[in-house]
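> Structure file my_file_18.pdb (PDB, N, CA and C atoms) right here:
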ATOM      1  N   MET A   1     177.679 125.238 -54.925  1.00  0.00           N
ATOM      2  CA  MET A   1     178.973 125.862 -54.689  1.00  0.00           C
ATOM      3  C   MET A   1     180.086 124.914 -55.142  1.00  0.00           C
ATOM      4  N   LYS A   2     181.090 125.482 -55.750  1.00  0.00           N
ATOM      5  CA  LYS A   2     182.187 124.688 -56.286  1.00  0.00           C
ATOM      6  C   LYS A   2     183.210 124.343 -55.209  1.00  0.00           C
ATOM      7  N   LYS A   3     183.813 123.161 -55.375  1.00  0.00           N
ATOM      8  CA  LYS A   3     184.909 122.742 -54.507  1.00  0.00           C
ATOM      9  C   LYS A   3     186.218 123.156 -55.175  1.00  0.00           C
ATOM     10  N   TYR A   4     187.222 123.401 -54.354  1.00  0.00           N
ATOM     11  CA  TYR A   4     188.546 123.805 -54.842  1.00  0.00           C
ATOM     12  C   TYR A   4     189.599 122.870 -54.276  1.00  0.00           C
ATOM     13  N   GLU A   5     190.608 122.584 -55.088  1.00  0.00           N
ATOM     14  CA  GLU A   5     191.689 121.681 -54.675  1.00  0.00           C
ATOM     15  C   GLU A   5     193.007 122.435 -54.614  1.00  0.00           C
ATOM     16  N   CYS A   6     193.761 122.198 -53.548  1.00  0.00           N
ATOM     17  CA  CYS A   6     195.110 122.755 -53.430  1.00  0.00           C
ATOM     18  C   CYS A   6     196.009 122.004 -54.409  1.00  0.00           C
ATOM     19  N   THR A   7     196.668 122.754 -55.286  1.00  0.00           N
ATOM     20  CA  THR A   7     197.523 122.120 -56.289  1.00  0.00           C
ATOM     21  C   THR A   7     198.842 121.638 -55.704  1.00  0.00           C
ATOM     22  N   LEU A   8     199.138 122.017 -54.465  1.00  0.00           N
ATOM     23  CA  LEU A   8     200.394 121.599 -53.843  1.00  0.00           C
ATOM     24  C   LEU A   8     200.252 120.306 -53.040  1.00  0.00           C
ATOM     25  N   CYS A   9     199.125 120.171 -52.299  1.00  0.00           N
ATOM     26  CA  CYS A   9     198.998 118.990 -51.432  1.00  0.00           C
ATOM     27  C   CYS A   9     197.751 118.154 -51.683  1.00  0.00           C
ATOM     28  N   GLY A  10     196.810 118.663 -52.470  1.00  0.00           N
ATOM     29  CA  GLY A  10     195.614 117.900 -52.777  1.00  0.00           C
ATOM     30  C   GLY A  10     194.441 118.119 -51.830  1.00  0.00           C
ATOM     31  N   TYR A  11     194.601 118.996 -50.840  1.00  0.00           N
ATOM     32  CA  TYR A  11     193.490 119.300 -49.928  1.00  0.00           C
ATOM     33  C   TYR A  11     192.310 119.844 -50.735  1.00  0.00           C
ATOM     34  N   ILE A  12     191.105 119.389 -50.390  1.00  0.00           N
ATOM     35  CA  ILE A  12     189.888 119.854 -51.054  1.00  0.00           C
ATOM     36  C   ILE A  12     189.143 120.802 -50.109  1.00  0.00           C
ATOM     37  N   TYR A  13     188.923 122.042 -50.570  1.00  0.00           N
ATOM     38  CA  TYR A  13     188.068 122.954 -49.810  1.00  0.00           C
ATOM     39  C   TYR A  13     186.638 122.735 -50.273  1.00  0.00           C
ATOM     40  N   ASP A  14     185.796 122.287 -49.356  1.00  0.00           N
ATOM     41  CA  ASP A  14     184.382 122.048 -49.636  1.00  0.00           C
ATOM     42  C   ASP A  14     183.575 123.120 -48.909  1.00  0.00           C
ATOM     43  N   PRO A  15     182.916 124.007 -49.662  1.00  0.00           N
ATOM     44  CA  PRO A  15     182.155 125.089 -49.020  1.00  0.00           C
ATOM     45  C   PRO A  15     181.085 124.593 -48.056  1.00  0.00           C
ATOM     46  N   GLU A  16     180.547 123.402 -48.298  1.00  0.00           N
ATOM     47  CA  GLU A  16     179.521 122.870 -47.401  1.00  0.00           C
ATOM     48  C   GLU A  16     180.089 122.567 -46.021  1.00  0.00           C
ATOM     49  N   SER A  17     181.385 122.261 -45.959  1.00  0.00           N
ATOM     50  CA  SER A  17     182.037 121.965 -44.677  1.00  0.00           C
ATOM     51  C   SER A  17     182.729 123.181 -44.097  1.00  0.00           C
ATOM     52  N   GLY A  18     183.184 124.096 -44.968  1.00  0.00           N
ATOM     53  CA  GLY A  18     183.960 125.245 -44.496  1.00  0.00           C
ATOM     54  C   GLY A  18     185.317 124.798 -43.989  1.00  0.00           C
ATOM     55  N   ASP A  19     185.895 125.575 -43.111  1.00  0.00           N
ATOM     56  CA  ASP A  19     187.179 125.254 -42.476  1.00  0.00           C
ATOM     57  C   ASP A  19     187.091 125.709 -41.024  1.00  0.00           C
ATOM     58  N   PRO A  20     186.330 124.954 -40.212  1.00  0.00           N
ATOM     59  CA  PRO A  20     186.075 125.370 -38.822  1.00  0.00           C
ATOM     60  C   PRO A  20     187.336 125.654 -38.009  1.00  0.00           C
ATOM     61  N   ASP A  21     188.414 124.904 -38.265  1.00  0.00           N
ATOM     62  CA  ASP A  21     189.650 125.129 -37.505  1.00  0.00           C
ATOM     63  C   ASP A  21     190.250 126.504 -37.780  1.00  0.00           C
ATOM     64  N   SER A  22     189.898 127.088 -38.920  1.00  0.00           N
ATOM     65  CA  SER A  22     190.385 128.428 -39.275  1.00  0.00           C
ATOM     66  C   SER A  22     189.304 129.482 -39.111  1.00  0.00           C
ATOM     67  N   GLY A  23     188.177 129.106 -38.511  1.00  0.00           N
ATOM     68  CA  GLY A  23     187.093 130.059 -38.267  1.00  0.00           C
ATOM     69  C   GLY A  23     186.191 130.294 -39.464  1.00  0.00           C
ATOM     70  N   VAL A  24     186.251 129.406 -40.469  1.00  0.00           N
ATOM     71  CA  VAL A  24     185.403 129.544 -41.653  1.00  0.00           C
ATOM     72  C   VAL A  24     184.182 128.646 -41.464  1.00  0.00           C
ATOM     73  N   VAL A  25     183.014 129.273 -41.381  1.00  0.00           N
ATOM     74  CA  VAL A  25     181.790 128.516 -41.107  1.00  0.00           C
ATOM     75  C   VAL A  25     181.322 127.763 -42.346  1.00  0.00           C
ATOM     76  N   PRO A  26     180.633 126.622 -42.150  1.00  0.00           N
ATOM     77  CA  PRO A  26     180.065 125.900 -43.278  1.00  0.00           C
ATOM     78  C   PRO A  26     179.157 126.803 -44.112  1.00  0.00           C
ATOM     79  N   GLY A  27     179.184 126.604 -45.424  1.00  0.00           N
ATOM     80  CA  GLY A  27     178.390 127.420 -46.334  1.00  0.00           C
ATOM     81  C   GLY A  27     179.146 128.605 -46.906  1.00  0.00           C
ATOM     82  N   THR A  28     180.439 128.748 -46.556  1.00  0.00           N
ATOM     83  CA  THR A  28     181.240 129.866 -47.049  1.00  0.00           C
ATOM     84  C   THR A  28     181.856 129.517 -48.401  1.00  0.00           C
ATOM     85  N   PRO A  29     181.477 130.233 -49.475  1.00  0.00           N
ATOM     86  CA  PRO A  29     182.081 129.969 -50.787  1.00  0.00           C
ATOM     87  C   PRO A  29     183.570 130.303 -50.775  1.00  0.00           C
ATOM     88  N   PHE A  30     184.325 129.581 -51.600  1.00  0.00           N
ATOM     89  CA  PHE A  30     185.768 129.811 -51.685  1.00  0.00           C
ATOM     90  C   PHE A  30     186.076 131.273 -51.989  1.00  0.00           C
ATOM     91  N   GLU A  31     185.276 131.863 -52.887  1.00  0.00           N
ATOM     92  CA  GLU A  31     185.498 133.249 -53.291  1.00  0.00           C
ATOM     93  C   GLU A  31     185.352 134.228 -52.128  1.00  0.00           C
ATOM     94  N   SER A  32     184.632 133.823 -51.094  1.00  0.00           N
ATOM     95  CA  SER A  32     184.405 134.696 -49.939  1.00  0.00           C
ATOM     96  C   SER A  32     185.453 134.542 -48.843  1.00  0.00           C
ATOM     97  N   LEU A  33     186.372 133.583 -49.004  1.00  0.00           N
ATOM     98  CA  LEU A  33     187.435 133.425 -48.012  1.00  0.00           C
ATOM     99  C   LEU A  33     188.323 134.663 -48.040  1.00  0.00           C
ATOM    100  N   SER A  34     188.840 135.052 -46.898  1.00  0.00           N
ATOM    101  CA  SER A  34     189.716 136.226 -46.845  1.00  0.00           C
ATOM    102  C   SER A  34     190.976 135.975 -47.667  1.00  0.00           C
ATOM    103  N   ASP A  35     191.576 137.053 -48.146  1.00  0.00           N
ATOM    104  CA  ASP A  35     192.770 136.926 -48.986  1.00  0.00           C
ATOM    105  C   ASP A  35     193.948 136.304 -48.244  1.00  0.00           C
ATOM    106  N   ASP A  36     193.916 136.361 -46.915  1.00  0.00           N
ATOM    107  CA  ASP A  36     195.033 135.790 -46.156  1.00  0.00           C
ATOM    108  C   ASP A  36     194.740 134.361 -45.672  1.00  0.00           C
ATOM    109  N   TRP A  37     193.592 133.792 -46.089  1.00  0.00           N
ATOM    110  CA  TRP A  37     193.298 132.394 -45.764  1.00  0.00           C
ATOM    111  C   TRP A  37     194.322 131.512 -46.463  1.00  0.00           C
ATOM    112  N   VAL A  38     194.756 130.454 -45.777  1.00  0.00           N
ATOM    113  CA  VAL A  38     195.726 129.521 -46.356  1.00  0.00           C
ATOM    114  C   VAL A  38     195.225 128.093 -46.203  1.00  0.00           C
ATOM    115  N   CYS A  39     195.766 127.213 -47.009  1.00  0.00           N
ATOM    116  CA  CYS A  39     195.437 125.790 -46.933  1.00  0.00           C
ATOM    117  C   CYS A  39     195.742 125.296 -45.518  1.00  0.00           C
ATOM    118  N   PRO A  40     194.781 124.627 -44.883  1.00  0.00           N
ATOM    119  CA  PRO A  40     195.021 124.154 -43.507  1.00  0.00           C
ATOM    120  C   PRO A  40     196.018 123.004 -43.426  1.00  0.00           C
ATOM    121  N   VAL A  41     196.377 122.411 -44.552  1.00  0.00           N
ATOM    122  CA  VAL A  41     197.321 121.290 -44.544  1.00  0.00           C
ATOM    123  C   VAL A  41     198.745 121.765 -44.828  1.00  0.00           C
ATOM    124  N   CYS A  42     198.925 122.537 -45.922  1.00  0.00           N
ATOM    125  CA  CYS A  42     200.297 122.910 -46.325  1.00  0.00           C
ATOM    126  C   CYS A  42     200.548 124.413 -46.308  1.00  0.00           C
ATOM    127  N   PHE A  43     199.537 125.183 -45.927  1.00  0.00           N
ATOM    128  CA  PHE A  43     199.648 126.642 -45.795  1.00  0.00           C
ATOM    129  C   PHE A  43     199.858 127.366 -47.120  1.00  0.00           C
ATOM    130  N   ALA A  44     199.431 126.738 -48.229  1.00  0.00           N
ATOM    131  CA  ALA A  44     199.487 127.395 -49.536  1.00  0.00           C
ATOM    132  C   ALA A  44     198.443 128.514 -49.576  1.00  0.00           C
ATOM    133  N   SER A  45     198.684 129.506 -50.418  1.00  0.00           N
ATOM    134  CA  SER A  45     197.746 130.625 -50.535  1.00  0.00           C
ATOM    135  C   SER A  45     196.575 130.254 -51.443  1.00  0.00           C
ATOM    136  N   LYS A  46     195.554 131.111 -51.466  1.00  0.00           N
ATOM    137  CA  LYS A  46     194.375 130.866 -52.302  1.00  0.00           C
ATOM    138  C   LYS A  46     194.749 130.730 -53.775  1.00  0.00           C
ATOM    139  N   GLU A  47     195.808 131.410 -54.203  1.00  0.00           N
ATOM    140  CA  GLU A  47     196.228 131.344 -55.605  1.00  0.00           C
ATOM    141  C   GLU A  47     196.674 129.943 -56.017  1.00  0.00           C
ATOM    142  N   ASP A  48     196.997 129.102 -55.032  1.00  0.00           N
ATOM    143  CA  ASP A  48     197.455 127.747 -55.314  1.00  0.00           C
ATOM    144  C   ASP A  48     196.317 126.738 -55.403  1.00  0.00           C
ATOM    145  N   PHE A  49     195.075 127.218 -55.432  1.00  0.00           N
ATOM    146  CA  PHE A  49     193.902 126.355 -55.544  1.00  0.00           C
ATOM    147  C   PHE A  49     193.310 126.432 -56.935  1.00  0.00           C
ATOM    148  N   LYS A  50     192.715 125.312 -57.380  1.00  0.00           N
ATOM    149  CA  LYS A  50     192.010 125.293 -58.659  1.00  0.00           C
ATOM    150  C   LYS A  50     190.613 124.721 -58.445  1.00  0.00           C
ATOM    151  N   VAL A  51     189.696 125.111 -59.324  1.00  0.00           N
ATOM    152  CA  VAL A  51     188.322 124.619 -59.263  1.00  0.00           C
ATOM    153  C   VAL A  51     188.305 123.152 -59.646  1.00  0.00           C
ATOM    154  N   LEU A  52     187.543 122.364 -58.903  1.00  0.00           N
ATOM    155  CA  LEU A  52     187.355 120.951 -59.276  1.00  0.00           C
ATOM    156  C   LEU A  52     186.198 120.869 -60.261  1.00  0.00           C
ATOM    157  N   ASP A  53     186.365 120.055 -61.291  1.00  0.00           N
ATOM    158  CA  ASP A  53     185.305 119.878 -62.287  1.00  0.00           C
ATOM    159  C   ASP A  53     184.210 118.981 -61.763  1.00  0.00           C
TER     160      ASP A  53
END
Transcribe the structure of this file into structure tokens.

Amino acid sequence: MKKYECTLCGYIYDPESGDPDSGVVPGTPFESLSDDWVCPVCFASKEDFKVLD
């Protein structure tokens, strides 16, 4: 699974860790996050994330 980086603050979404504070369980791919999920650091939308190489 690919990791994604917030282009505004640099937060890395790692699917292996998920985002437990937002109710996202480990193993959840970025593509499966709800459309209203936001960066837990700066509250940017999913559109503000890019795939990490």
> How many Å separate atom C of Lys2 in chain A from CA of Pro26 in chain A?
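These two atoms are separated by 12.4 Å.
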> In Å, with one decimal, what is the gap from atom N of Thr28 in chain A to CA of Val51 in chain A?
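Between these atoms lies a distance of 15.5 Å.
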> CA of Asp53 in chain A and CA of Val38 in chain A, how far apart in Å?
21.3 Å
> Considering only helix (DSSP H, G or I) as DSSP defines it on the backbone, what residues of chain A qualify? List them as a PyMOL selection string.
chain A and resi 20-22+30-32+46-48
> List the neighbours of Glu16 in chain A out to 8 Å using all atoms listed in the file; skip same-chain residues closer than 3 positions along the sequence, and give me the result as a list in words.
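Skipping anything fewer than 3 positions along the chain leaves Met1, Lys2, Lys3, Tyr13, Asp19, Val25, Pro26, Gly27, Thr28, Pro29 and Phe30 of chain A.
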> For range 39-51 of chain A, which lacks atoms in the input, supply N, CA, C and O atoms and format the output as a tab-separated table (two decimals), keeping the file's coordinate frame.

chain	number	residue	atom	x	y	z
A	39	CYS	N	195.77	127.21	-47.01
A	39	CYS	CA	195.44	125.79	-46.93
A	39	CYS	C	195.74	125.30	-45.52
A	39	CYS	O	196.85	125.52	-45.01
A	40	PRO	N	194.78	124.63	-44.88
A	40	PRO	CA	195.02	124.15	-43.51
A	40	PRO	C	196.02	123.00	-43.43
A	40	PRO	O	196.49	122.68	-42.34
A	41	VAL	N	196.38	122.41	-44.55
A	41	VAL	CA	197.32	121.29	-44.54
A	41	VAL	C	198.74	121.76	-44.83
A	41	VAL	O	199.67	121.47	-44.07
A	42	CYS	N	198.92	122.54	-45.92
A	42	CYS	CA	200.30	122.91	-46.32
A	42	CYS	C	200.55	124.41	-46.31
A	42	CYS	O	201.63	124.85	-46.67
A	43	PHE	N	199.54	125.18	-45.93
A	43	PHE	CA	199.65	126.64	-45.80
A	43	PHE	C	199.86	127.37	-47.12
A	43	PHE	O	200.37	128.48	-47.15
A	44	ALA	N	199.43	126.74	-48.23
A	44	ALA	CA	199.49	127.40	-49.54
A	44	ALA	C	198.44	128.51	-49.58
A	44	ALA	O	197.43	128.47	-48.88
A	45	SER	N	198.68	129.51	-50.42
A	45	SER	CA	197.75	130.62	-50.54
A	45	SER	C	196.58	130.25	-51.44
A	45	SER	O	196.59	129.22	-52.13
A	46	LYS	N	195.55	131.11	-51.47
A	46	LYS	CA	194.38	130.87	-52.30
A	46	LYS	C	194.75	130.73	-53.78
A	46	LYS	O	194.08	130.02	-54.52
A	47	GLU	N	195.81	131.41	-54.20
A	47	GLU	CA	196.23	131.34	-55.60
A	47	GLU	C	196.67	129.94	-56.02
A	47	GLU	O	196.75	129.63	-57.19
A	48	ASP	N	197.00	129.10	-55.03
A	48	ASP	CA	197.46	127.75	-55.31
A	48	ASP	C	196.32	126.74	-55.40
A	48	ASP	O	196.55	125.53	-55.44
A	49	PHE	N	195.08	127.22	-55.43
A	49	PHE	CA	193.90	126.36	-55.54
A	49	PHE	C	193.31	126.43	-56.94
A	49	PHE	O	193.39	127.47	-57.59
A	50	LYS	N	192.72	125.31	-57.38
A	50	LYS	CA	192.01	125.29	-58.66
A	50	LYS	C	190.61	124.72	-58.44
A	50	LYS	O	190.37	123.95	-57.52
A	51	VAL	N	189.70	125.11	-59.32
A	51	VAL	CA	188.32	124.62	-59.26
A	51	VAL	C	188.30	123.15	-59.65
A	51	VAL	O	188.97	122.74	-60.60
